Every structure is written in C-alpha cells, then in structure tokens.
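This report refers to the structure that appears directly beneath it.
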Amino acid sequence: MFGIEACTVDVEVDVSFGLPGFTMVGLPDPSVRESRDRVRSAIRNSGFEFPEHRVTVNLAPADIRKAGSSFDLPIALGVLAASGVVTRRNVDDVLLLGELSLDGGIHSARGVLPIAAAARRERFGGLLLPRPNHAEAAVVEGLQLYAVRSLDEAVAALNDPASFRARFDPSGDPPPPTRPARQDGDFADVHGQAVARRALEISAAGGHNTLMIGPPGSGKTMMARRVAGILPALVFDEALEVTSIHSVAGLIGAGHGLVTERPFRAPHHTISDVALVGGGQSPRPGEISLAHHGVLFLDEMAEFNRSVLEVLRQPLEEGCVRIARALRTVTFPARFMLIGAMNPCPCGFHGDESRPCRCTPMQIARYASRLSGPLRDRMDLTVTVAALPARELSAAAQSEPSATIRARVEAARHTQIARDGTLNARLHGRTLRARTTLEGEARRMFDVALTRLALTARGHDRVLRVARTIADLAGSATVRTDHLGEALQFRGE
C-alpha cells in the first residue's frame with residue numbers, strides 16, 4: 001500500500017535441486033522475512049509436503065520495499081504451484097493476499113477495499129482473500145471473489161474455481177459483531193448557548209472550521225460531540241474514500257463493509273505530529289485522514305504542542321496531506337471540519353462574571369499565543385461560549401433537536417452541491433466572487449470591516465464563504481447585509 005493506493009507485487013517462486021534452504025529477495029523487510037517459518041509450518045500442517053530443496057522467492061518489482069504479513073498466502077501458494085500441487089494456469093489471473101497462521105488458517109488483512117479496486121483496475125480475473133474480508137471487498141463490483149478460511153481451501157479454489165464457487169455461500173457465515181452505536185447525543189440536551197449552537201449549525205452547513213472559547217463547564221465539548229449528528233449521511237463515493245482510509249489503518253472489523261457514518265475523531269492533546277497527520281517508515285494515515293469527510297475535534301486546543309498544531313495549516317487549505325519519503329511521496333486525503341475548544345486563559349475564568357480570573361495580562365496573552373496567527377486565520381468562525389447561570393442549568397431543556405437542525409443543514413448543502421458541485425468552504429477565486437457579490441450597504445459594511453478587523457486576504461475570503469452559507473441557510477440567492485453582519489460577528493475573537 002502507498003497511501004490508499006495499492007501496488008501489485010509479483011511473487012515468483014523457484015524450487016530447484018540443491019541444499020535445502022529458503023531464500024527471499026526483492027527488498028523484503030523483517031515482517032516479510034519472518035513469513036518463511038509461517039509458510040513452512042502452514043504448508044505441512046495443512047497436509048501438504050514442503051519441498052526439501054532450495055526455495056527462492058523473488059518479490060518484484062525489486063526496487064520497492066515490501067512490508068506486512070499479507071505476502072504469506074501468495075508465497076505459500078507459489079511454493080505449492082512450483083511443487084505441482086496448484087495448477088499453474090489458475091495462478092496468474094488471480095490476485096492473492098492473506099496472513100497465515102501456523103496451522104494453515106488465514107487471518108484478515110488491512111487495505112482490502114483499495115486492493116480490490118486495484119484488482120479490478122488492473123483487470124485481474126479474481127481476488128483470493130481471507131474470508132473475514134469478503135464483505136469489504138464485495139463493495140467493488142465486477143470482480144470474482146474467492147474468500148477462504150485456510151490454505152487448503154485456497155488450493156481448492158485455485159485448482160477447481162467452479163466447484164469452489166458452487167460451495168461458497170457467504171450467507172452461512174456467522175454475523176459480524178455489531179458495531180456499537182455512536183453516542184453523539186442530541187442538541188435538544190443542550191441548555192441555552194444559542195450563539196454557539198448557531199455557529200456550529202453554520203459550520204456543519206458549509207463545512208467551515210470553528211473555534212469555541214469559553215470557561216470550563218460551559219458546554220464546548222458537549223456541543224462539539226453533537227456536530228456529527230447534524231451532518232448528512234455519507235454519499236457512496238464519500239463512503240468509499242472513508243472506508244479505504246480506515247481499511248488501510250486496520251479499523252474495519254471482520255465482516256464489515258462500507259463505513260456509513262461520518263467520522264468523528266477527538267485525539268488527546270498529547271498526540272504527536274506524526275500520529276496527527278500520518279507518516280512512519282511505512283506511511284499510515286493519521287487522525288486528520290481518519291476524519292476525512294467528518295469532524296476533527298481538538299479539545300483543549302491550546303494544550304496541544306504548537307508544532308503539532310502548525311502541521312494542520314497546509315491540510316486545512318489543500319484537503320490532503322503529502323508525506324515525502326526517499327523513493328516515493330504518499331498522499332492521504334484529509335478534507336475535514338476542524339472544531340477546536342479552548343479556555344480563555346490558564347485558569348479558565350477570564351471574562352466569567354461569577355468566578356474571578358487569577359491570571360495576569362501577560363499570562364493571558366501568552367496562553368492565547370499558543371494558537372498562532374496563521375492557524376487562527378484558518379478558523380472560519382470564532383465564538384465565545386459563556387458559562388451558563390445556575391437557573392438555566394436546572395431548567396428543562398427547550399432546545400431544538402438534532403433532527404430539525406440536520407434538515408436545515410442538508411437543505412443548505414444540497415443547494416451548494418447543486419449550484420457549485422462543492423461546499424461553500426471550498427469555494428475559491430472567481431466562483432467565490434460570483435456567489436458573494438455585495439452591493440450597496442453590504443459593500444460599505446464590508447469595506448469598513450476590512451479595515452477595523454485588519455482582515456488578511458485569507459480572512460476576507462473566509463468571511464465571504466461564511467456569509468454565503470448563512471444566506472443558503474436562509475434560502476436567499478444573494479448575500480444580504482444581515483448575512484454579512486452575522487459572518488463578521490463570528491470573525492472576531
């Protein structure tokens with residue numbers, strides 16, 4: 001796997017006379033070299049004879065480092081094919097993957113969905129894969145699947161495909177374990193906080209980034225965790241991308257197919273930059289890619305290491321992250337909504353009327369500077385979340401339920417997709433100007449705001465995008481003064 005793209009590897013096996021040995025070439029890493037002992041034991045414990053000759057395995061192309069345990073099954077079947085157990089003509093047209101256990105069983109693999117897509121793209125006749133991954137691979141149409149539980153089943157599938165297909169019935173498999181329902185909660189449980197709720201609705205409708213600033217216990221985390229519940233369901237193409245990323249990361253459970261819920265990722269503030277954006281010796285997706293088409297929530301945002309936060313700047317603009325290595329550059333998609341929450345000061349009570357702040361002005365300024373200016377400039381909406389009075393906390397909740405808010409969000413998103421083919425948060429250049437033409441009082445208001453708020457060019461465009469989203473929520477074809485005024489209200493700190 002390179003990112004979420006699969007690269008096919010030819011496993012060539014030669015069994016020749018000479019001193020018994022097992023040699024593997026083609027840049028295998030230690031995890032691949034260890035397959036020698038697994039392959040030998042799996043073949044013998046499956047009732048086949050391991051050749052007492054010199055076995056040479058070549059993994060081509062030789063200039064790409066091979067990693068992972070999914071080469072076990074191809075190597076074992078290659079050895080059996082070279083020994084005459086597997087009919088040779090049935091090997092070349094089938095893509096193989098799977099990790100072997102010592103008794104010949106086959107474990108599930110990572111990245112099966114993108115591998116199945118590669119098999120269809122490169123016109124393989126079939127895909128032989130572990131049985132637990134069948135539901136995931138079945139998402140790709142037009143590909144003959146051979147889902148096997150053991151090495152002897154794999155041999156039978158290759159030697160007599162028609163008979164194997166006649167016997168194979170995935171409906172007889174035990175049902176996969178039920179995924180626990182995500183407990184997003186409902187906005188009806190949120191007391192007060194009308195301004196913050198409105199900001200999150202705008203954020204969900206246009207795909208905008210939002211920063212909430214308020215004292216501890218004001219409901220920032222509670223509201224952020226309910227945002228996923230007001231987002232529309234994933235469309236099929238989005239679900240394919242999300243499932244591919246989660247498959248490469250090994251997060252797709254056995255027996256599960258497409259991911260149908262929008263991701264919600266909330267990493268702890270001690271996370272490293274590699275874990276956040278992805279990477280490693282064999283690059284794997286990070287939290288921002290796992291949040292693709294969903295929500296990335298950074299609670300206590302000011303407590304994150306500044307170097308970790310700064311790596312978000314480019315993905316927030318481009319919607320992807322590029323990880324460069326010596327021989328190859330890997331690209332992971334990372335189009336997510338960023339929602340941040342932080343306290344206004346170290347003690348958390350700056351601006352709270354009921355509890356005094358103990359921080360000095362220098363401490364407050366130093367704490368606020370943990371979020372750099374360029375990163376703050378990429379937050380479309382900044383909202384102050386005040387602490388709720390005790391009487392509102394004890395009152396019965398009268399807020400709108402998530403279903404009602406979601407209906408408005410879905411309608412606004414449908415308008416945006418039908419008009420521009422994308423969400424407002426991704427509008428640029430001429431398209432943005434054409435959709436946010438300001439006239440009369442709205443133009444004069446914006447000119448004054450540009451000076452007073454000292455907006456950058458990026459801030460200028462982000463205000464217009466938010467105003468366009470507010471207009472879409474109101475069902476307006478043009479951006480009016482009230483839409484622009486509300487967008488500017490959320491631009492200040």
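We name chains A, B, ... following the order of the structure tokens; residues begin at 1 in each chain, and ligands are numbered from 1 as shown.
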
**Prompt:** DSSP says helix (DSSP H, G or I) for which residues of range 21-168 of chain A? Put them as an NGL selection string?
**Reply:** :A and (30-33 or 35-45 or 72-82 or 88-90 or 112-121 or 131-137 or 151-159 or 161-167)

**Prompt:** Skipping near chain neighbours, those fewer than 3 positions away, what residues fall within 8 Å of range 133-148 of chain A using only C-alpha atoms, listed as a PyMOL selection string?
**Reply:** chain A and resi 106+108-109+112-113+116-117+119-120+124-130+151+153-154+157+165+254-258

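Taking CA of Arg413 in chain A and CA of Asp299 in chain A as the two end points, the separation is 26.3 Å.
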
**Request:** For Val409 in chain A, list every protein, DNA or RNA residue within 8 Å, evaluated using only C-alpha atoms, and leave out those in the same chain fewer than 2 positions away; present the list as a PyMOL selection string.
**Result:** chain A and resi 201-202+204-205+230-232+405-407+411-413+473

Take the residues from that selection and write them out as a tab-separated table (two decimals), in the first residue's frame, keeping N, CA and C atoms.
```
chain	number	residue	atom	x	y	z
A	201	GLU	N	-24.13	25.14	13.64
A	201	GLU	CA	-25.03	24.85	12.51
A	201	GLU	C	-24.47	25.42	11.21
A	202	ILE	N	-23.97	26.66	11.27
A	202	ILE	CA	-23.35	27.26	10.08
A	202	ILE	C	-22.14	26.45	9.66
A	204	ALA	N	-21.53	23.26	10.13
A	204	ALA	CA	-21.94	22.00	9.52
A	204	ALA	C	-22.52	22.22	8.13
A	205	ALA	N	-23.25	23.30	7.94
A	205	ALA	CA	-23.90	23.54	6.65
A	205	ALA	C	-22.90	23.84	5.54
A	230	ILE	N	-25.63	16.19	13.25
A	230	ILE	CA	-26.40	17.08	12.37
A	230	ILE	C	-25.83	17.12	10.96
A	231	LEU	N	-24.82	16.30	10.70
A	231	LEU	CA	-24.26	16.21	9.35
A	231	LEU	C	-25.06	15.20	8.53
A	232	PRO	N	-25.21	15.43	7.22
A	232	PRO	CA	-25.92	14.46	6.38
A	232	PRO	C	-25.14	13.17	6.25
A	405	ILE	N	-32.25	20.49	13.15
A	405	ILE	CA	-31.07	21.21	12.65
A	405	ILE	C	-30.50	20.49	11.42
A	406	ARG	N	-30.46	19.15	11.50
A	406	ARG	CA	-29.91	18.38	10.37
A	406	ARG	C	-30.71	18.62	9.09
A	407	ALA	N	-32.00	18.77	9.19
A	407	ALA	CA	-32.82	19.03	7.99
A	407	ALA	C	-32.40	20.33	7.33
A	411	ALA	N	-30.53	20.68	3.62
A	411	ALA	CA	-31.08	21.54	2.57
A	411	ALA	C	-30.04	22.54	2.07
A	412	ALA	N	-29.27	23.13	3.01
A	412	ALA	CA	-28.23	24.09	2.61
A	412	ALA	C	-27.14	23.41	1.80
A	413	ARG	N	-26.72	22.23	2.23
A	413	ARG	CA	-25.68	21.50	1.48
A	413	ARG	C	-26.18	21.09	0.10
A	473	LEU	N	-28.59	28.96	4.28
A	473	LEU	CA	-29.47	28.50	5.35
A	473	LEU	C	-30.77	29.30	5.38
```

**Complete:** Using only C-alpha atoms, the shortest atom-to-atom distance to Asp186 in chain A among A:Arg40, A:Arg226, A:Lys220, A:Arg167 belongs to A:Arg226

**Message:** Residues of range 124-282 of chain A classed as strand (DSSP E or B) by DSSP on the backbone are to be reported as JSON, numbers by chain.
**Reply:** {"A": [126, 127, 128, 129, 130, 144, 145, 146, 147, 148, 150, 210, 211, 212, 213, 264, 265, 278, 279]}

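Computed from the coordinates, the CA of Ala60 in chain A to CA of Val9 in chain A distance equals 5.6 Å.
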
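Minimum atom-to-atom distance to Glu238 in chain A, evaluated using only C-alpha atoms, belongs to A:Ala334 out of A:Val311, A:Leu100, A:Ala42, A:Ala334.
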
**Request:** Considering only C-alpha atoms, state which residue in the set A:Val321, A:Val227, A:Leu423, A:Cys357 is at the smallest distance from Leu296 in chain A.
**Result:** A:Val227

**Message:** Report, in Å to a single decimal, how far apart CA of His246 in chain A and CA of Leu73 in chain A are.
**Reply:** 22.9 Å

**Prompt:** When distances are computed from only C-alpha atoms, which of A:Met379, A:Ile288, A:Ile245, A:Leu59 shows the smallest separation from Pro315 in chain A?
**Reply:** A:Ile288

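Using only C-alpha atoms for every distance, the candidate list A:Pro361, A:Pro114, A:Pro215, A:Gly26 yields A:Pro215 as the residue closest to Met342 in chain A.
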
Which residues of range 136-241 of chain A have any atom within 9 Å of an atom in range 337-341 of chain A when counting only C-alpha atoms, and what is the closest pair of atoms for each, with the distance in Å to one decimal? Order the rows by chain and rising number and write it as JSON lines.
```
{"residue": "A:Leu200", "atom": "CA", "partner": "A:Ile339", "partner_atom": "CA", "distance": 8.8}
{"residue": "A:Ser203", "atom": "CA", "partner": "A:Met337", "partner_atom": "CA", "distance": 7.9}
{"residue": "A:Ala204", "atom": "CA", "partner": "A:Met337", "partner_atom": "CA", "distance": 8.0}
{"residue": "A:Gly207", "atom": "CA", "partner": "A:Met337", "partner_atom": "CA", "distance": 5.8}
{"residue": "A:His208", "atom": "CA", "partner": "A:Met337", "partner_atom": "CA", "distance": 6.1}
{"residue": "A:Asn209", "atom": "CA", "partner": "A:Leu338", "partner_atom": "CA", "distance": 4.8}
{"residue": "A:Thr210", "atom": "CA", "partner": "A:Ile339", "partner_atom": "CA", "distance": 4.9}
{"residue": "A:Leu211", "atom": "CA", "partner": "A:Gly340", "partner_atom": "CA", "distance": 4.6}
{"residue": "A:Met212", "atom": "CA", "partner": "A:Ala341", "partner_atom": "CA", "distance": 4.7}
{"residue": "A:Ile213", "atom": "CA", "partner": "A:Ala341", "partner_atom": "CA", "distance": 5.9}
{"residue": "A:Gly214", "atom": "CA", "partner": "A:Ala341", "partner_atom": "CA", "distance": 7.9}
{"residue": "A:Lys220", "atom": "CA", "partner": "A:Ala341", "partner_atom": "CA", "distance": 6.3}
{"residue": "A:Thr221", "atom": "CA", "partner": "A:Ala341", "partner_atom": "CA", "distance": 7.1}
{"residue": "A:Ala224", "atom": "CA", "partner": "A:Ile339", "partner_atom": "CA", "distance": 7.0}
```

Could you dump the residues just selected with N, CA and C atoms as a compact mmCIF listing (two decimals), in the first residue's frame?
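As written to disk, selection16.txt reads:
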```
# COMPACT_ATOMS: atom_id res chain seq x y z
N LEU A 200 -22.23 26.42 15.19
CA LEU A 200 -21.99 25.03 14.80
C LEU A 200 -22.91 24.60 13.66
N SER A 203 -21.33 26.05 10.63
CA SER A 203 -20.14 25.25 10.35
C SER A 203 -20.50 23.96 9.64
N ALA A 204 -21.53 23.26 10.13
CA ALA A 204 -21.94 22.00 9.52
C ALA A 204 -22.52 22.22 8.13
N GLY A 207 -19.32 23.32 5.91
CA GLY A 207 -18.04 22.64 6.07
C GLY A 207 -16.96 23.54 6.62
N HIS A 208 -17.32 24.52 7.46
CA HIS A 208 -16.37 25.51 7.96
C HIS A 208 -15.69 25.05 9.26
N ASN A 209 -14.52 25.62 9.52
CA ASN A 209 -13.80 25.37 10.77
C ASN A 209 -14.28 26.33 11.84
N THR A 210 -14.37 25.84 13.08
CA THR A 210 -14.92 26.64 14.17
C THR A 210 -14.06 26.52 15.42
N LEU A 211 -13.84 27.63 16.09
CA LEU A 211 -13.13 27.66 17.37
C LEU A 211 -14.05 28.20 18.44
N MET A 212 -14.23 27.42 19.52
CA MET A 212 -15.05 27.84 20.65
C MET A 212 -14.14 28.18 21.83
N ILE A 213 -14.34 29.36 22.41
CA ILE A 213 -13.54 29.81 23.54
C ILE A 213 -14.47 30.08 24.72
N GLY A 214 -14.22 29.44 25.84
CA GLY A 214 -15.07 29.64 26.99
C GLY A 214 -14.54 28.94 28.22
N LYS A 220 -18.70 23.36 25.78
CA LYS A 220 -18.00 23.33 24.50
C LYS A 220 -17.86 21.89 23.98
N THR A 221 -17.34 21.02 24.84
CA THR A 221 -17.15 19.63 24.42
C THR A 221 -18.47 18.96 24.14
N ALA A 224 -19.68 20.11 20.72
CA ALA A 224 -18.83 19.63 19.62
C ALA A 224 -19.11 18.16 19.31
```

**Asked** Got a sec: who's within 12 Å of Thr260 in chain A, counting only C-alpha atoms, leaving out chain neighbours fewer than 2 positions off, as number ranges by chain?
**Response** A: 179, 181-182, 232-243, 246, 252, 256-258, 262-263, 293-294

Writing out the chosen residues with C-alpha atoms as a short mmCIF file (atom, residue, chain, number, x, y, z; two decimals), in the first residue's frame:
```
data_model
loop_
_atom_site.label_atom_id
_atom_site.label_comp_id
_atom_site.auth_asym_id
_atom_site.auth_seq_id
_atom_site.Cartn_x
_atom_site.Cartn_y
_atom_site.Cartn_z
CA ARG A 179 -20.74 -2.09 15.89
CA ALA A 181 -23.89 2.78 18.05
CA ARG A 182 -22.02 6.07 18.27
CA PRO A 232 -25.92 14.46 6.38
CA ALA A 233 -25.18 10.81 5.69
CA LEU A 234 -22.17 9.89 3.56
CA VAL A 235 -22.88 9.52 -0.15
CA PHE A 236 -21.48 6.40 -1.83
CA ASP A 237 -18.29 7.99 -3.20
CA GLU A 238 -17.53 9.56 0.19
CA ALA A 239 -18.17 6.24 1.93
CA LEU A 240 -15.71 4.52 -0.44
CA GLU A 241 -12.97 7.02 0.41
CA VAL A 242 -13.62 6.84 4.16
CA THR A 243 -13.71 3.03 4.11
CA HIS A 246 -10.00 3.12 7.64
CA ILE A 252 -12.52 -2.14 9.57
CA HIS A 256 -17.95 -5.26 7.94
CA GLY A 257 -18.32 -3.47 4.62
CA LEU A 258 -18.72 0.23 3.90
CA ARG A 262 -19.29 10.31 9.14
CA PRO A 263 -16.07 10.01 11.17
CA HIS A 293 -15.44 13.80 5.28
CA GLY A 294 -16.13 14.09 9.01
#
```

**Message:** Which residues are close to His292 in chain A, i.e. within 6 Å by only C-alpha atoms, leaving aside same-chain residues fewer than 3 positions away? Reply as a PyMOL selection string.
**Reply:** chain A and resi 289+334-336
